[in-house]
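Okay, so here's the structure we're looking at.
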Amino acid sequence: MRTAKNNIACIAIVLSVLSFAGNAGASSSDRVGTSAQVAADVKTSISTKTLSPAIEAMLKEFSSSSSYDLTGPSTFGTCDPFNSEALALSPKPCFAGNLHGTKTIVLVGDSNVGNWVPALNLGLATTPYRLAVFGFSSCGLADLPYNSSWGSLYERCRQWHEHVPVAIRALHPVAVLAASGAVGTNFSDSEWATGVKNLFVESTLGSPKTKRVLFGTSPFFGESAVTCLTIHSDPQDCSLQYTPGSGYYGSVLSRDKQTAKASGATLIDTSKFFCESDTCSPVIGNILVYSDIDHVTIAYSSFISRVITSAVLAALR
């Protein structure tokens, strides 16, 4: 789901390679947590009742016109076909991680791929892996017959799904990672699972050893976390509470399991990096987690870099 600036995908679309030395990397003030620190901060997040000066400062940053640069989707903006038919017809990846790596991992999906790019950019930097990012904001991850009557965006989405598997296969990746937001589909869970399987199959055609990995869907809020926190001084007034297997987010988590099974993919349950006791707080470890309803801030993605990278590398074994 696209909720920020829409024009960045038009910038320098002739480039097929983007080094994430800029805003996708952690700044000098970004904290990178250990597994124990992430677990501890997530556990205590649901009892946080006040906004610290640091969070209030972050909220002010997100009120500026440049706040898009603090969000995950900005990390692949130059490769996003959202405003570019050329990139839909001829997808180009942005590269992160170890740019000189001898092995390639592909990350593909909608704007929610940006939730993981900062984390993997940091985590893969000292490994043999480079990360090739194919993200299309507002285009569903599943390869399904999106109706072109919905507008030119969905026609580009259809075109992108037709061409992105070829672009992925050309990189000979050791793994294809897929990510998606909770929204953007009018299809049943089984149809969605089949559509994601189609993407995996086409992207790994002729390469049976290529690993398939599905990122679990990150939390989805009914209201922008930034908007809510500017009104409520208690973060818990803005938290997401869900029931596993039912309701909106709980049902999406069940869909993730069905989708991974249908695709023969390893599922990385990411909810544990955001939620405790079925409650997801918008503030974790004195960091603002979300920039809107479902996009993760670069600061928080950087914080969970080690646990996300470890989960990905474990899936490659």
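Letters for chains follow the order of the structure tokens (A, B, ...), residue numbers begin at 1 for each chain, and ligand numbers begin at 1 in the order shown.
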Item to check | Backbone DSSP call of alpha helix (DSSP H) for segment 30-255 of chain A, listed as a PyMOL selection string | outcome: chain A and resi 35-45+53-61+85-89+117-123+152-169+189-203+225-231+247-255
Next on the checklist: I want to know what sits within 12 Å of segment 120-123 of chain A, based on only C-alpha atoms, with residues of the same chain fewer than 3 positions away left out; could you give that as a ChimeraX atom specification?
Outcome noted: /A:18-27,30-34,72,75-76,94-99,105-107,113-117,126-133,177,298-299,301-313
Item to check | Closest of A:Ala182, A:Val201, A:Leu229, A:Leu253 to Asp110 of chain A - atom-to-atom distances counting only C-alpha atoms | outcome: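 The shortest atom-to-atom distance to Asp110 of chain A comes from A:Ala182.
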Next on the checklist: Could you list, as number ranges by chain, every residue within 10 Å of Thr279 of chain A, counting only C-alpha atoms and ignoring same-chain residues fewer than 5 positions away?
Outcome noted: A: 42-43, 45-46, 219, 236, 239-243, 271, 274
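Nearest residue to Glu61 of chain A among A:Asn186, A:Ser277, A:Asn112, A:Thr230 is A:Thr230, counting only C-alpha atoms.
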Next on the checklist: Quick check for you: according to DSSP on this backbone, which residues of segment 11-247 of chain A are classed as strand (DSSP E or B)? Reply as number ranges by chain.
Outcome noted: A: 71, 94-97, 103-109, 129-135, 175-179, 211-215, 240-241, 243, 246
File dump, residues just selected, N, CA and C atoms, as an mmCIF file, in the first residue's frame:
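What landed in out_26.cif:
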data_model
loop_
_atom_site.group_PDB
_atom_site.id
_atom_site.type_symbol
_atom_site.label_atom_id
_atom_site.label_comp_id
_atom_site.auth_asym_id
_atom_site.auth_seq_id
_atom_site.Cartn_x
_atom_site.Cartn_y
_atom_site.Cartn_z
ATOM 1 N N THR A 71 11.764 6.178 5.821
ATOM 2 C CA THR A 71 10.938 4.981 5.752
ATOM 3 C C THR A 71 11.530 3.938 4.815
ATOM 4 N N CYS A 94 17.486 -2.856 -7.305
ATOM 5 C CA CYS A 94 18.422 -2.071 -6.519
ATOM 6 C C CYS A 94 19.235 -3.069 -5.697
ATOM 7 N N PHE A 95 20.489 -2.776 -5.476
ATOM 8 C CA PHE A 95 21.360 -3.705 -4.760
ATOM 9 C C PHE A 95 21.745 -3.162 -3.377
ATOM 10 N N ALA A 96 21.841 -4.063 -2.428
ATOM 11 C CA ALA A 96 22.222 -3.721 -1.058
ATOM 12 C C ALA A 96 23.081 -4.850 -0.505
ATOM 13 N N GLY A 97 23.365 -4.808 0.792
ATOM 14 C CA GLY A 97 24.211 -5.833 1.397
ATOM 15 C C GLY A 97 25.644 -5.683 0.941
ATOM 16 N N LYS A 103 27.502 -14.129 -4.196
ATOM 17 C CA LYS A 103 26.213 -14.806 -4.239
ATOM 18 C C LYS A 103 25.109 -13.763 -4.116
ATOM 19 N N THR A 104 23.976 -14.035 -4.783
ATOM 20 C CA THR A 104 22.878 -13.067 -4.806
ATOM 21 C C THR A 104 21.633 -13.636 -4.142
ATOM 22 N N ILE A 105 21.036 -12.822 -3.285
ATOM 23 C CA ILE A 105 19.729 -13.107 -2.699
ATOM 24 C C ILE A 105 18.759 -12.071 -3.262
ATOM 25 N N VAL A 106 17.630 -12.520 -3.764
ATOM 26 C CA VAL A 106 16.614 -11.618 -4.303
ATOM 27 C C VAL A 106 15.532 -11.390 -3.255
ATOM 28 N N LEU A 107 15.118 -10.139 -3.112
ATOM 29 C CA LEU A 107 13.974 -9.781 -2.274
ATOM 30 C C LEU A 107 12.939 -9.147 -3.190
ATOM 31 N N VAL A 108 11.734 -9.727 -3.235
ATOM 32 C CA VAL A 108 10.712 -9.280 -4.178
ATOM 33 C C VAL A 108 9.378 -9.110 -3.464
ATOM 34 N N GLY A 109 8.608 -8.114 -3.894
ATOM 35 C CA GLY A 109 7.290 -7.914 -3.310
ATOM 36 C C GLY A 109 6.791 -6.497 -3.476
ATOM 37 N N TYR A 129 26.950 -12.304 0.498
ATOM 38 C CA TYR A 129 25.707 -12.091 -0.230
ATOM 39 C C TYR A 129 25.432 -10.623 -0.552
ATOM 40 N N ARG A 130 25.037 -10.385 -1.798
ATOM 41 C CA ARG A 130 24.453 -9.098 -2.146
ATOM 42 C C ARG A 130 22.944 -9.302 -2.229
ATOM 43 N N LEU A 131 22.202 -8.251 -1.960
ATOM 44 C CA LEU A 131 20.746 -8.311 -1.971
ATOM 45 C C LEU A 131 20.222 -7.542 -3.178
ATOM 46 N N ALA A 132 19.462 -8.218 -4.032
ATOM 47 C CA ALA A 132 18.836 -7.585 -5.195
ATOM 48 C C ALA A 132 17.362 -7.366 -4.882
ATOM 49 N N VAL A 133 16.935 -6.109 -4.890
ATOM 50 C CA VAL A 133 15.589 -5.750 -4.450
ATOM 51 C C VAL A 133 14.703 -5.402 -5.639
ATOM 52 N N PHE A 134 13.610 -6.148 -5.790
ATOM 53 C CA PHE A 134 12.582 -5.857 -6.782
ATOM 54 C C PHE A 134 11.297 -5.520 -6.019
ATOM 55 N N GLY A 135 11.044 -4.252 -5.797
ATOM 56 C CA GLY A 135 9.849 -3.839 -5.080
ATOM 57 C C GLY A 135 8.934 -3.013 -5.963
ATOM 58 N N ALA A 175 18.727 -17.649 -3.412
ATOM 59 C CA ALA A 175 17.456 -17.641 -2.694
ATOM 60 C C ALA A 175 16.577 -16.512 -3.208
ATOM 61 N N VAL A 176 15.272 -16.747 -3.179
ATOM 62 C CA VAL A 176 14.288 -15.711 -3.466
ATOM 63 C C VAL A 176 13.470 -15.495 -2.201
ATOM 64 N N LEU A 177 13.536 -14.276 -1.684
ATOM 65 C CA LEU A 177 12.767 -13.879 -0.509
ATOM 66 C C LEU A 177 11.572 -13.067 -0.984
ATOM 67 N N ALA A 178 10.405 -13.325 -0.438
ATOM 68 C CA ALA A 178 9.204 -12.610 -0.842
ATOM 69 C C ALA A 178 8.570 -11.937 0.366
ATOM 70 N N ALA A 179 8.026 -10.731 0.141
ATOM 71 C CA ALA A 179 7.397 -9.985 1.231
ATOM 72 C C ALA A 179 6.172 -9.254 0.708
ATOM 73 N N LYS A 211 16.628 -21.491 -2.894
ATOM 74 C CA LYS A 211 15.775 -21.499 -1.709
ATOM 75 C C LYS A 211 14.626 -20.508 -1.873
ATOM 76 N N ARG A 212 13.490 -20.868 -1.313
ATOM 77 C CA ARG A 212 12.327 -19.992 -1.293
ATOM 78 C C ARG A 212 12.031 -19.609 0.154
ATOM 79 N N VAL A 213 11.925 -18.310 0.392
ATOM 80 C CA VAL A 213 11.709 -17.808 1.750
ATOM 81 C C VAL A 213 10.590 -16.776 1.721
ATOM 82 N N LEU A 214 9.657 -16.889 2.642
ATOM 83 C CA LEU A 214 8.559 -15.934 2.748
ATOM 84 C C LEU A 214 8.655 -15.193 4.068
ATOM 85 N N PHE A 215 8.731 -13.870 4.007
ATOM 86 C CA PHE A 215 8.666 -13.059 5.217
ATOM 87 C C PHE A 215 7.230 -13.015 5.702
ATOM 88 N N LEU A 240 -1.737 -2.312 18.389
ATOM 89 C CA LEU A 240 -2.575 -3.269 17.671
ATOM 90 C C LEU A 240 -2.723 -4.520 18.514
ATOM 91 N N GLN A 241 -3.947 -4.915 18.778
ATOM 92 C CA GLN A 241 -4.217 -6.165 19.490
ATOM 93 C C GLN A 241 -4.951 -7.101 18.529
ATOM 94 N N THR A 243 -6.106 -11.481 17.555
ATOM 95 C CA THR A 243 -6.308 -12.867 17.982
ATOM 96 C C THR A 243 -5.778 -13.774 16.886
ATOM 97 N N SER A 246 -7.819 -15.268 13.651
ATOM 98 C CA SER A 246 -9.085 -14.592 13.380
ATOM 99 C C SER A 246 -8.863 -13.083 13.354
#
Checklist entry - Could you name the residues that touch Thr44 of chain A at 10 Å or less, counting only C-alpha atoms, but leaving out those on the same chain fewer than 5 positions away, as a ChimeraX atom specification? => result /A:39,276,281,284-285
Near segment 139-149 of chain A, within 6 Å and counting only C-alpha atoms, which residues show up once chain neighbours fewer than 6 positions away are dropped, as a short mmCIF file (atom, residue, chain, number, x, y, z; two decimals) with C-alpha atoms, in the first residue's frame?
data_model
loop_
_atom_site.label_atom_id
_atom_site.label_comp_id
_atom_site.auth_asym_id
_atom_site.auth_seq_id
_atom_site.Cartn_x
_atom_site.Cartn_y
_atom_site.Cartn_z
CA GLY A 109 7.29 -7.91 -3.31
CA ASP A 110 5.25 -4.79 -2.72
CA GLU A 155 -1.88 -2.79 -15.77
CA CYS A 157 1.41 -4.54 -11.98
CA SER A 180 3.94 -8.45 1.18
CA GLY A 184 -4.03 -5.14 -1.59
CA TRP A 192 -3.43 -15.72 -2.84
CA GLY A 195 -0.49 -16.66 -6.79
CA VAL A 196 2.57 -16.45 -4.54
CA LEU A 199 5.76 -16.16 -8.52
#
